[in-house]
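Chemist: Take a look at data-v3.cif, mmCIF, C-alpha atoms (C1' of nucleotides):
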data_model
#
loop_
_atom_site.label_atom_id
_atom_site.label_comp_id
_atom_site.auth_asym_id
_atom_site.auth_seq_id
_atom_site.Cartn_x
_atom_site.Cartn_y
_atom_site.Cartn_z
CA MET H 1 35.12 -38.51 -25.29
CA ASP H 2 31.35 -38.60 -25.41
CA LYS H 3 28.72 -36.88 -23.35
CA ILE H 4 29.13 -39.30 -20.43
CA ASP H 5 32.91 -38.89 -20.33
CA ARG H 6 32.50 -35.13 -20.25
CA LYS H 7 30.06 -35.45 -17.38
CA ILE H 8 32.46 -37.68 -15.45
CA VAL H 9 35.31 -35.24 -16.03
CA ASN H 10 33.17 -32.30 -14.96
CA ILE H 11 32.12 -34.00 -11.76
CA LEU H 12 35.64 -35.16 -10.89
CA GLN H 13 36.97 -31.66 -11.50
CA THR H 14 34.73 -30.30 -8.76
CA ASN H 15 34.76 -33.36 -6.50
CA ALA H 16 37.61 -35.75 -7.17
CA ARG H 17 36.57 -37.96 -4.26
CA ALA H 18 33.12 -38.67 -5.66
CA SER H 19 32.35 -42.37 -5.40
CA LEU H 20 31.70 -44.60 -8.39
CA LYS H 21 28.18 -44.99 -7.11
CA ASP H 22 27.59 -41.22 -7.03
CA LEU H 23 28.94 -40.94 -10.55
CA SER H 24 26.82 -43.86 -11.75
CA LYS H 25 23.69 -42.14 -10.45
CA GLU H 26 24.57 -38.88 -12.16
CA CYS H 27 25.42 -40.52 -15.46
CA PHE H 28 22.71 -43.20 -15.53
CA ILE H 29 25.09 -46.09 -16.15
CA SER H 30 26.29 -48.83 -13.79
CA SER H 31 29.28 -48.38 -11.52
CA PRO H 32 31.43 -50.97 -13.32
CA ALA H 33 30.85 -48.93 -16.48
CA ILE H 34 31.96 -45.78 -14.64
CA ALA H 35 35.06 -47.54 -13.33
CA ALA H 36 35.96 -48.68 -16.85
CA ARG H 37 35.54 -45.18 -18.24
CA ILE H 38 37.61 -43.59 -15.50
CA SER H 39 40.50 -45.97 -15.93
CA LYS H 40 40.34 -45.39 -19.67
CA LEU H 41 40.43 -41.62 -19.11
CA GLU H 42 43.41 -42.14 -16.82
CA ARG H 43 45.25 -44.45 -19.21
CA SER H 44 44.73 -42.11 -22.12
CA GLY H 45 46.21 -39.25 -20.09
CA ILE H 46 43.09 -37.10 -20.14
CA ILE H 47 42.90 -37.38 -16.38
CA LYS H 48 46.41 -36.68 -15.11
CA GLY H 49 45.70 -37.03 -11.40
CA TYR H 50 43.69 -35.85 -8.46
CA GLN H 51 44.70 -33.21 -5.98
CA ALA H 52 43.29 -31.89 -2.74
CA ASP H 53 42.79 -28.15 -2.62
CA ILE H 54 44.39 -26.62 0.45
CA ASN H 55 43.71 -23.26 2.08
CA LEU H 56 47.23 -21.85 2.06
CA GLU H 57 46.49 -19.18 4.66
CA LYS H 58 45.52 -21.85 7.15
CA ILE H 59 48.82 -23.65 6.79
CA ASN H 60 50.72 -20.39 7.21
CA PHE H 61 51.58 -19.56 3.64
CA HIS H 62 50.42 -15.96 3.75
CA VAL H 63 52.12 -14.59 0.66
CA LYS H 64 51.36 -15.56 -2.91
CA ALA H 65 53.13 -13.92 -5.84
CA PHE H 66 53.93 -14.09 -9.52
CA ILE H 67 57.61 -13.86 -10.33
CA GLN H 68 58.70 -13.22 -13.88
CA VAL H 69 62.24 -14.15 -14.83
CA GLN H 70 64.43 -13.15 -17.75
CA LEU H 71 66.32 -16.21 -18.92
CA GLU H 72 68.97 -16.78 -21.51
CA PRO H 73 67.89 -19.76 -23.64
CA ARG H 74 70.80 -21.88 -22.43
CA GLN H 75 69.91 -21.25 -18.76
CA LYS H 76 66.74 -23.27 -19.05
CA LYS H 77 68.54 -26.56 -18.62
CA GLU H 78 69.62 -25.36 -15.19
CA PHE H 79 66.46 -23.45 -14.36
CA TYR H 80 63.87 -26.21 -14.78
CA PRO H 81 65.29 -28.84 -12.45
CA TYR H 82 66.03 -26.09 -9.94
CA ILE H 83 62.50 -24.74 -9.66
CA GLN H 84 60.89 -28.17 -9.89
CA ASN H 85 62.56 -29.01 -6.62
CA ILE H 86 61.36 -25.93 -4.80
CA PRO H 87 58.04 -26.76 -3.16
CA ASN H 88 57.09 -23.08 -2.94
CA VAL H 89 56.82 -22.93 -6.73
CA ILE H 90 53.30 -24.12 -7.40
CA GLU H 91 53.31 -23.41 -11.14
CA CYS H 92 55.81 -22.32 -13.78
CA ASN H 93 55.28 -21.47 -17.42
CA CYS H 94 57.44 -20.38 -20.30
CA VAL H 95 55.73 -17.45 -21.97
CA THR H 96 55.96 -14.80 -24.70
CA GLY H 97 57.26 -11.34 -23.85
CA ASP H 98 60.24 -9.71 -22.17
CA PHE H 99 60.26 -12.17 -19.31
CA SER H 100 60.45 -15.74 -20.47
CA GLU H 101 59.21 -17.49 -17.32
CA VAL H 102 56.23 -16.80 -15.09
CA MET H 103 56.22 -18.57 -11.75
CA GLU H 104 53.46 -18.71 -9.20
CA VAL H 105 54.91 -19.04 -5.71
CA VAL H 106 53.75 -19.16 -2.11
CA PHE H 107 55.69 -18.33 1.05
CA PRO H 108 54.98 -17.92 4.74
CA SER H 109 56.09 -14.28 4.71
CA THR H 110 57.38 -11.51 2.46
CA THR H 111 60.81 -12.07 3.99
CA ASP H 112 60.87 -15.63 2.70
CA LEU H 113 59.70 -14.41 -0.70
CA ASP H 114 62.47 -11.82 -0.75
CA ASP H 115 65.09 -14.45 0.06
CA PHE H 116 63.86 -16.58 -2.80
CA ILE H 117 63.86 -13.68 -5.27
CA ASN H 118 67.41 -12.80 -4.31
CA ASP H 119 68.44 -16.38 -4.90
CA ILE H 120 66.77 -16.41 -8.33
CA GLN H 121 68.40 -13.13 -9.32
CA GLN H 122 71.82 -14.36 -8.31
CA ARG H 123 71.43 -17.63 -10.16
CA PHE H 124 69.59 -16.55 -13.30
CA GLY H 125 69.00 -12.84 -13.86
CA LYS H 126 66.45 -10.06 -13.81
CA THR H 127 63.05 -10.59 -12.24
CA SER H 128 59.78 -8.74 -11.83
CA THR H 129 57.40 -9.59 -9.02
CA GLN H 130 53.71 -9.05 -8.46
CA ILE H 131 52.35 -9.83 -5.01
CA VAL H 132 48.82 -11.17 -4.78
CA PHE H 133 46.33 -9.15 -2.70
CA SER H 134 43.34 -11.41 -3.22
CA THR H 135 42.11 -14.26 -5.36
CA SER H 136 38.73 -13.94 -7.01
CA VAL H 137 38.99 -17.17 -8.98
CA ASP H 138 40.90 -19.93 -7.28
CA HIS H 139 42.63 -22.41 -9.56
CA ARG H 140 39.89 -24.50 -11.12
CA GLY H 141 39.24 -26.82 -14.03
CA VAL H 142 37.44 -26.04 -17.26
CA GLN H 143 33.86 -27.24 -17.18
CA LEU H 144 33.11 -29.03 -20.43
CA SER H 145 29.83 -28.30 -22.15
CA ASP H 146 28.13 -30.37 -24.78
CA PRO H 147 28.57 -29.19 -28.37
CA GLN H 148 24.91 -28.46 -28.97
CA GLU H 149 24.37 -26.60 -25.75
CA MET Z 1 47.92 -29.76 12.53
CA ASP Z 2 50.35 -32.37 13.71
CA LYS Z 3 52.73 -34.64 11.83
CA ILE Z 4 49.96 -37.06 10.83
CA ASP Z 5 47.71 -34.29 9.51
CA ARG Z 6 50.56 -32.99 7.40
CA LYS Z 7 51.15 -36.46 6.01
CA ILE Z 8 47.46 -36.84 5.14
CA VAL Z 9 47.43 -33.44 3.43
CA ASN Z 10 50.60 -34.27 1.51
CA ILE Z 11 49.20 -37.55 0.26
CA LEU Z 12 45.82 -36.10 -0.70
CA GLN Z 13 47.55 -33.29 -2.57
CA THR Z 14 49.20 -35.81 -4.85
CA ASN Z 15 46.42 -38.40 -4.88
CA ALA Z 16 43.07 -37.06 -3.79
CA ARG Z 17 41.39 -40.39 -4.50
CA ALA Z 18 43.57 -42.35 -2.08
CA SER Z 19 41.41 -44.66 0.03
CA LEU Z 20 41.18 -44.42 3.80
CA LYS Z 21 42.88 -47.76 3.95
CA ASP Z 22 45.85 -46.56 1.91
CA LEU Z 23 46.14 -43.51 4.14
CA SER Z 24 45.88 -45.60 7.27
CA LYS Z 25 48.78 -47.77 6.13
CA GLU Z 26 50.94 -44.75 5.35
CA CYS Z 27 50.18 -43.02 8.63
CA PHE Z 28 50.15 -46.04 10.94
CA ILE Z 29 46.76 -45.30 12.46
CA SER Z 30 43.40 -46.99 11.88
CA SER Z 31 41.06 -45.97 9.09
CA PRO Z 32 38.36 -44.57 11.41
CA ALA Z 33 41.06 -42.30 12.82
CA ILE Z 34 41.96 -41.19 9.29
CA ALA Z 35 38.32 -40.53 8.46
CA ALA Z 36 37.93 -38.43 11.60
CA ARG Z 37 41.03 -36.40 10.77
CA ILE Z 38 39.98 -35.80 7.18
CA SER Z 39 36.53 -34.58 8.10
CA LYS Z 40 38.09 -32.32 10.70
CA LEU Z 41 40.47 -30.91 8.10
CA GLU Z 42 37.49 -30.35 5.81
CA ARG Z 43 35.32 -28.73 8.48
CA SER Z 44 38.11 -26.41 9.53
CA GLY Z 45 38.55 -25.28 5.93
CA ILE Z 46 42.12 -26.49 5.58
CA ILE Z 47 41.01 -28.88 2.86
CA LYS Z 48 38.82 -26.83 0.52
CA GLY Z 49 38.01 -29.58 -1.97
CA TYR Z 50 39.36 -32.15 -4.38
CA GLN Z 51 39.85 -31.71 -8.08
CA ALA Z 52 40.81 -33.92 -10.96
CA ASP Z 53 43.71 -32.71 -13.03
CA ILE Z 54 42.89 -32.66 -16.71
CA ASN Z 55 45.24 -32.59 -19.69
CA LEU Z 56 43.91 -29.51 -21.45
CA GLU Z 57 45.56 -30.34 -24.76
CA LYS Z 58 43.65 -33.60 -24.93
CA ILE Z 59 40.31 -31.89 -24.53
CA ASN Z 60 41.22 -29.37 -27.24
CA PHE Z 61 42.21 -26.37 -25.19
CA HIS Z 62 45.46 -25.68 -26.97
CA VAL Z 63 46.16 -22.14 -25.82
CA LYS Z 64 46.96 -21.08 -22.28
CA ALA Z 65 47.74 -17.46 -21.43
CA PHE Z 66 48.10 -14.87 -18.71
CA ILE Z 67 46.06 -11.74 -19.23
CA GLN Z 68 46.77 -8.70 -17.12
CA VAL Z 69 44.04 -6.08 -16.84
CA GLN Z 70 44.12 -2.43 -15.75
CA LEU Z 71 41.04 -1.80 -13.64
CA GLU Z 72 39.64 1.29 -12.00
CA PRO Z 73 38.86 0.43 -8.36
CA ARG Z 74 35.12 0.84 -8.91
CA GLN Z 75 35.14 -1.57 -11.87
CA LYS Z 76 35.89 -4.51 -9.63
CA LYS Z 77 32.29 -4.92 -8.59
CA GLU Z 78 31.45 -5.60 -12.22
CA PHE Z 79 34.64 -7.46 -13.08
CA TYR Z 80 34.55 -10.24 -10.48
CA PRO Z 81 31.11 -11.72 -11.20
CA TYR Z 82 31.86 -11.41 -14.90
CA ILE Z 83 35.05 -13.46 -14.92
CA GLN Z 84 33.78 -15.94 -12.35
CA ASN Z 85 31.17 -16.99 -14.88
CA ILE Z 86 33.64 -17.52 -17.71
CA PRO Z 87 34.79 -21.14 -17.60
CA ASN Z 88 37.93 -20.33 -19.59
CA VAL Z 89 39.26 -18.29 -16.67
CA ILE Z 90 40.92 -20.88 -14.48
CA GLU Z 91 42.44 -18.45 -12.00
CA CYS Z 92 42.29 -14.73 -11.25
CA ASN Z 93 44.25 -12.66 -8.77
CA CYS Z 94 44.36 -9.04 -7.74
CA VAL Z 95 48.02 -8.01 -7.63
CA THR Z 96 50.45 -5.16 -7.06
CA GLY Z 97 51.79 -3.21 -10.04
CA ASP Z 98 50.49 -1.37 -13.10
CA PHE Z 99 47.98 -4.05 -13.94
CA SER Z 100 45.67 -4.82 -11.07
CA GLU Z 101 44.40 -8.24 -12.18
CA VAL Z 102 46.23 -11.29 -13.48
CA MET Z 103 44.08 -13.98 -15.06
CA GLU Z 104 45.09 -17.41 -16.20
CA VAL Z 105 42.94 -18.51 -19.12
CA VAL Z 106 42.63 -21.43 -21.52
CA PHE Z 107 41.08 -21.50 -24.99
CA PRO Z 108 40.79 -23.91 -27.89
CA SER Z 109 42.62 -21.52 -30.23
CA THR Z 110 44.32 -18.14 -30.41
CA THR Z 111 41.26 -16.85 -32.22
CA ASP Z 112 39.09 -17.64 -29.22
CA LEU Z 113 41.65 -15.99 -26.96
CA ASP Z 114 41.65 -12.90 -29.15
CA ASP Z 115 37.86 -12.67 -29.02
CA PHE Z 116 37.98 -12.83 -25.26
CA ILE Z 117 40.67 -10.17 -24.97
CA ASN Z 118 38.68 -7.83 -27.20
CA ASP Z 119 35.66 -8.36 -25.00
CA ILE Z 120 37.69 -7.59 -21.86
CA GLN Z 121 39.19 -4.46 -23.41
CA GLN Z 122 35.79 -3.17 -24.42
CA ARG Z 123 34.27 -3.82 -21.02
CA PHE Z 124 37.10 -2.85 -18.71
CA GLY Z 125 40.25 -1.33 -20.19
CA LYS Z 126 43.86 -1.92 -21.10
CA THR Z 127 45.27 -5.43 -21.10
CA SER Z 128 48.62 -7.15 -21.55
CA THR Z 129 48.82 -10.79 -22.60
CA GLN Z 130 51.47 -13.44 -22.33
CA ILE Z 131 50.88 -16.69 -24.18
CA VAL Z 132 52.21 -19.87 -22.63
CA PHE Z 133 54.68 -21.92 -24.68
CA SER Z 134 55.22 -24.68 -22.19
CA THR Z 135 54.63 -25.59 -18.57
CA SER Z 136 57.55 -26.87 -16.54
CA VAL Z 137 55.66 -26.97 -13.24
CA ASP Z 138 52.00 -27.81 -13.54
CA HIS Z 139 49.75 -26.38 -10.86
CA ARG Z 140 50.52 -28.33 -7.70
CA GLY Z 141 50.14 -28.16 -3.95
CA VAL Z 142 52.77 -27.24 -1.39
CA GLN Z 143 54.29 -30.32 0.18
CA LEU Z 144 54.45 -29.78 3.92
CA SER Z 145 57.61 -30.77 5.73
CA ASP Z 146 58.08 -31.37 9.41
CA PRO Z 147 59.58 -28.52 11.42
CA GLN Z 148 62.72 -30.36 12.44
CA GLU Z 149 63.52 -31.52 8.96
"C1'" DT A 1 28.12 -64.67 -42.54
"C1'" DT A 2 31.38 -64.97 -39.11
"C1'" DA A 3 34.59 -63.26 -36.03
"C1'" DA A 4 36.36 -59.70 -33.17
"C1'" DT A 5 35.68 -55.66 -30.54
"C1'" DT A 6 33.50 -52.69 -27.53
"C1'" DA A 7 30.55 -51.05 -24.09
"C1'" DC A 8 27.37 -52.31 -21.25
"C1'" DC A 9 24.43 -55.04 -17.85
"C1'" DT A 10 23.48 -58.05 -13.66
"C1'" DC A 11 24.87 -60.72 -9.96
"C1'" DA A 12 28.27 -62.60 -6.68
"C1'" DT A 13 32.31 -61.73 -4.16
"C1'" DT A 14 35.47 -59.11 -1.86
"C1'" DT A 15 37.10 -55.09 -0.20
"C1'" DC A 16 36.38 -50.86 1.98
"C1'" DA A 17 34.04 -47.24 4.81
"C1'" DT A 18 31.35 -46.35 8.69
"C1'" DT A 19 29.35 -46.97 13.04
"C1'" DA A 20 29.20 -48.29 17.83
"C1'" DG A 21 31.24 -49.25 21.98
"C1'" DA A 22 35.34 -49.48 24.86
"C1'" DT A 23 39.95 -47.80 26.28
"C1'" DG A 24 43.48 -44.62 27.51
"C1'" DC A 25 45.19 -40.23 28.36
"C1'" DA A 26 45.61 -35.40 29.49
"C1'" DA A 27 43.71 -31.27 31.32
"C1'" DA A 28 40.49 -29.11 34.32
"C1'" DA A 29 37.50 -29.30 38.25
"C1'" DT A 30 36.17 -30.99 42.77
"C1'" DA W 1 44.35 -36.90 45.37
"C1'" DT W 2 40.35 -38.08 43.01
"C1'" DT W 3 36.88 -37.26 39.77
"C1'" DT W 4 35.20 -35.46 35.62
"C1'" DT W 5 35.33 -33.96 30.93
"C1'" DG W 6 36.98 -34.07 26.38
"C1'" DC W 7 39.53 -36.03 22.92
"C1'" DA W 8 41.78 -39.26 19.99
"C1'" DT W 9 42.31 -43.68 19.31
"C1'" DC W 10 41.37 -48.75 18.96
"C1'" DT W 11 38.69 -53.15 17.72
"C1'" DA W 12 34.77 -55.47 16.03
"C1'" DA W 13 30.49 -55.58 13.49
"C1'" DT W 14 27.61 -53.75 10.02
"C1'" DG W 15 26.58 -51.68 5.87
"C1'" DA W 16 28.05 -49.85 1.53
"C1'" DA W 17 30.72 -49.68 -2.25
"C1'" DA W 18 34.20 -51.47 -5.63
"C1'" DT W 19 35.60 -55.32 -8.29
"C1'" DG W 20 35.33 -59.51 -11.00
"C1'" DA W 21 32.88 -62.91 -13.67
"C1'" DG W 22 29.83 -64.26 -16.93
"C1'" DG W 23 26.64 -62.92 -20.54
"C1'" DT W 24 24.24 -59.76 -24.10
"C1'" DA W 25 23.73 -56.48 -27.74
"C1'" DA W 26 25.56 -53.40 -31.19
"C1'" DT W 27 29.46 -52.27 -34.45
"C1'" DT W 28 33.09 -53.08 -37.30
"C1'" DA W 29 36.36 -56.02 -39.94
"C1'" DA W 30 37.45 -60.07 -42.27
#
Now that the file is in, can you turn its structure into structure tokens?
Modeler:
Amino acid sequence: MDKIDRKIVNILQTNARASLKDLSKECFISSPAIAARISKLERSGIIKGYQADINLEKINFHVKAFIQVQLEPRQKKEFYPYIQNIPNVIECNCVTGDFSEVMEVVFPSTTDLDDFINDIQQRFGKTSTQIVFSTSVDHRGVQLSDPQE
Amino acid sequence: MDKIDRKIVNILQTNARASLKDLSKECFISSPAIAARISKLERSGIIKGYQADINLEKINFHVKAFIQVQLEPRQKKEFYPYIQNIPNVIECNCVTGDFSEVMEVVFPSTTDLDDFINDIQQRFGKTSTQIVFSTSVDHRGVQLSDPQE
DNA sequence: TTAATTACCTCATTTCATTAGATGCAAAAT
DNA sequence: ATTTTGCATCTAATGAAATGAGGTAATTAA
């Protein structure tokens, strides 16, 4: 990971569809060199993938929420495959504190959210839910700066 | 938004660098037709952008956490521009409940996280932090299914 | 010193994206 | 009923970009 790799990663984090040629102009090396670096970043697992950012409102997912779940340790084996298969769960983390899991979910309506929460409670246990009013920072990558900067 | 648009969105959500040709094969229409649909999806704001997915561990951001902040309503005007300019904040939402903001943050170490929390507390008020142990569902898009399915 | 490795370049080739022009279809207007 | 408009698509041709093949220089290991 040198300065050029960081620049490539920064650009791809804000525009994953940037062409090799664009990147080569920005980084002042040839496009075959860019291609080699990208596939190296991919092979090493630094770049995990590329995803389009969708406006959820416009595809009729009007409700976003964080659901916290209290889990017994032995329930995890059942919990993880379950939530991984629910497309409405867009992120899930195991965390410190009273509630062991924090999920970020999206649903068309509060009714759908309620149905899901009921299902979770029946299967696993106590939950606590925070509904999102507005998003001031939409999920984004970490821009990498150079050490000396 | 018809069946083909949903397919395009689904593919781009899992591989934003897919070529027009790849998409045209998957959707059974020509690549100029794909290009036209994509730029329409972009212009209409359904596709907001494309971002590379980075393995944070491998670029030395070892600590991920959720920080909840109690804000007075009039503090928001100061809070939003402040956090938008902090690259470590990868998401921030205004939510229901005792704490009005939920931030997702990443830092190289717990020390860096602690410094940030102290700064937030001094500037704005009470916080509550949950540190992430593990991530079972990494931030992902919502796969769209067809109505009849 | 020699060999091996790595990262890069340029140039040629191939593949892909884009443009232009033509077609077909559905809805609205004449 | 016919014409017109708008839209989405196609094919074919052009232009642009990605890839592959040498070849070079710098670095490290033998």
Chemist: Could you tell me how far CA of Asn60 (chain Z) sits from CA of Phe66 (chain H), in Å to one decimal place?
Modeler: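 If I compute the distance from CA of Phe66 (chain H) to CA of Asn60 (chain Z), I get 26.6 Å.
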Chemist: Taking (47.8, -23.5, 2.1) in the file's own coordinates, collect the residues within 12 Å, counting all atoms listed in the file, and hand them back as a PyMOL selection string.
Modeler: (chain H and resi 52-64+87-88+90+105-108) or (chain Z and resi 6+9-10+13+45-48+140-144)
Chemist: Would you output that residue set with C-alpha atoms, as a compact mmCIF listing (two decimals), in the frame of the given file?
Modeler:
# COMPACT_ATOMS: atom_id res chain seq x y z
CA ALA H 52 43.29 -31.89 -2.74
CA ASP H 53 42.79 -28.15 -2.62
CA ILE H 54 44.39 -26.62 0.45
CA ASN H 55 43.71 -23.26 2.08
CA LEU H 56 47.23 -21.85 2.06
CA GLU H 57 46.49 -19.18 4.66
CA LYS H 58 45.52 -21.85 7.15
CA ILE H 59 48.82 -23.65 6.79
CA ASN H 60 50.72 -20.39 7.21
CA PHE H 61 51.58 -19.56 3.64
CA HIS H 62 50.42 -15.96 3.75
CA VAL H 63 52.12 -14.59 0.66
CA LYS H 64 51.36 -15.56 -2.91
CA PRO H 87 58.04 -26.76 -3.16
CA ASN H 88 57.09 -23.08 -2.94
CA ILE H 90 53.30 -24.12 -7.40
CA VAL H 105 54.91 -19.04 -5.71
CA VAL H 106 53.75 -19.16 -2.11
CA PHE H 107 55.69 -18.33 1.05
CA PRO H 108 54.98 -17.92 4.74
CA ARG Z 6 50.56 -32.99 7.40
CA VAL Z 9 47.43 -33.44 3.43
CA ASN Z 10 50.60 -34.27 1.51
CA GLN Z 13 47.55 -33.29 -2.57
CA GLY Z 45 38.55 -25.28 5.93
CA ILE Z 46 42.12 -26.49 5.58
CA ILE Z 47 41.01 -28.88 2.86
CA LYS Z 48 38.82 -26.83 0.52
CA ARG Z 140 50.52 -28.33 -7.70
CA GLY Z 141 50.14 -28.16 -3.95
CA VAL Z 142 52.77 -27.24 -1.39
CA GLN Z 143 54.29 -30.32 0.18
CA LEU Z 144 54.45 -29.78 3.92
Chemist: Where does chain Z meet chain W within 9 Å, residue by residue, with the nearest atom pair and distance in Å to one decimal for each, counting all atoms listed in the file, listed by chain and rising number, as a tab-separated table?
Modeler:
residue	atom	partner	partner_atom	distance
Z:Ile29	CA	W:DT9	C1'	8.3
Z:Ser30	CA	W:DC10	C1'	7.6
Z:Pro32	CA	W:DT9	C1'	8.9
Z:Ala33	CA	W:DT9	C1'	6.8
Chemist: Return as a PDB file with C-alpha atoms (C1' of nucleotides), keeping the file's coordinate frame the set of residues that the PyMOL selection byres ((chain A) within 8 of (chain H)) yields on the displayed structure.
Modeler:
ATOM      1  C1'  DA A   7      30.550 -51.050 -24.090  1.00  0.00           C
ATOM      2  C1'  DC A   8      27.370 -52.310 -21.250  1.00  0.00           C
ATOM      3  C1'  DC A   9      24.430 -55.040 -17.850  1.00  0.00           C
TER       4       DC A   9
END
Chemist: Would you compute the distance between CA of Glu78 (chain H) and CA of Phe99 (chain H)? Give it in Å to one decimal.
Modeler: 16.7 Å
Chemist: Pick out the closest residue to chain Z from this set: H:Glu91, H:Asp146, H:Asp112, H:Glu104. Count only C-alpha atoms.
Modeler: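 Among H:Glu91, H:Asp146, H:Asp112, H:Glu104, it is H:Glu91 that comes nearest to chain Z.
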Chemist: Just want the 12 Å neighbourhood of region 116-126 of chain H, counted on only C-alpha atoms (C1' of nucleotides), with same-chain residues fewer than 6 positions away dropped. Output as an MDAnalysis selection string.
Modeler: chainID H and resid 65:80 82:83 86:89 98:101 103 105:110
Chemist: Assuming the chain letters and numbering stay as they are in my file, what does the PyMOL selection byres ((chain Z and resi 93) around 7) actually select? List them as a VMD selection string.
Modeler: (chain H and resid 132 134 to 137) or (chain Z and resid 91 to 92 94 to 95 101 to 103)
Chemist: Pick the closest to chain H from Z:Ser145, Z:Gln84, Z:Ser39, Z:Ser128: which is it, counting all atoms listed in the file?
Modeler: Z:Gln84
Chemist: Give me, please, the distance in Å between CA of Asp2 (chain Z) and CA of Tyr50 (chain Z), quoted to one decimal.
Modeler: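 It comes out at 21.2 Å.
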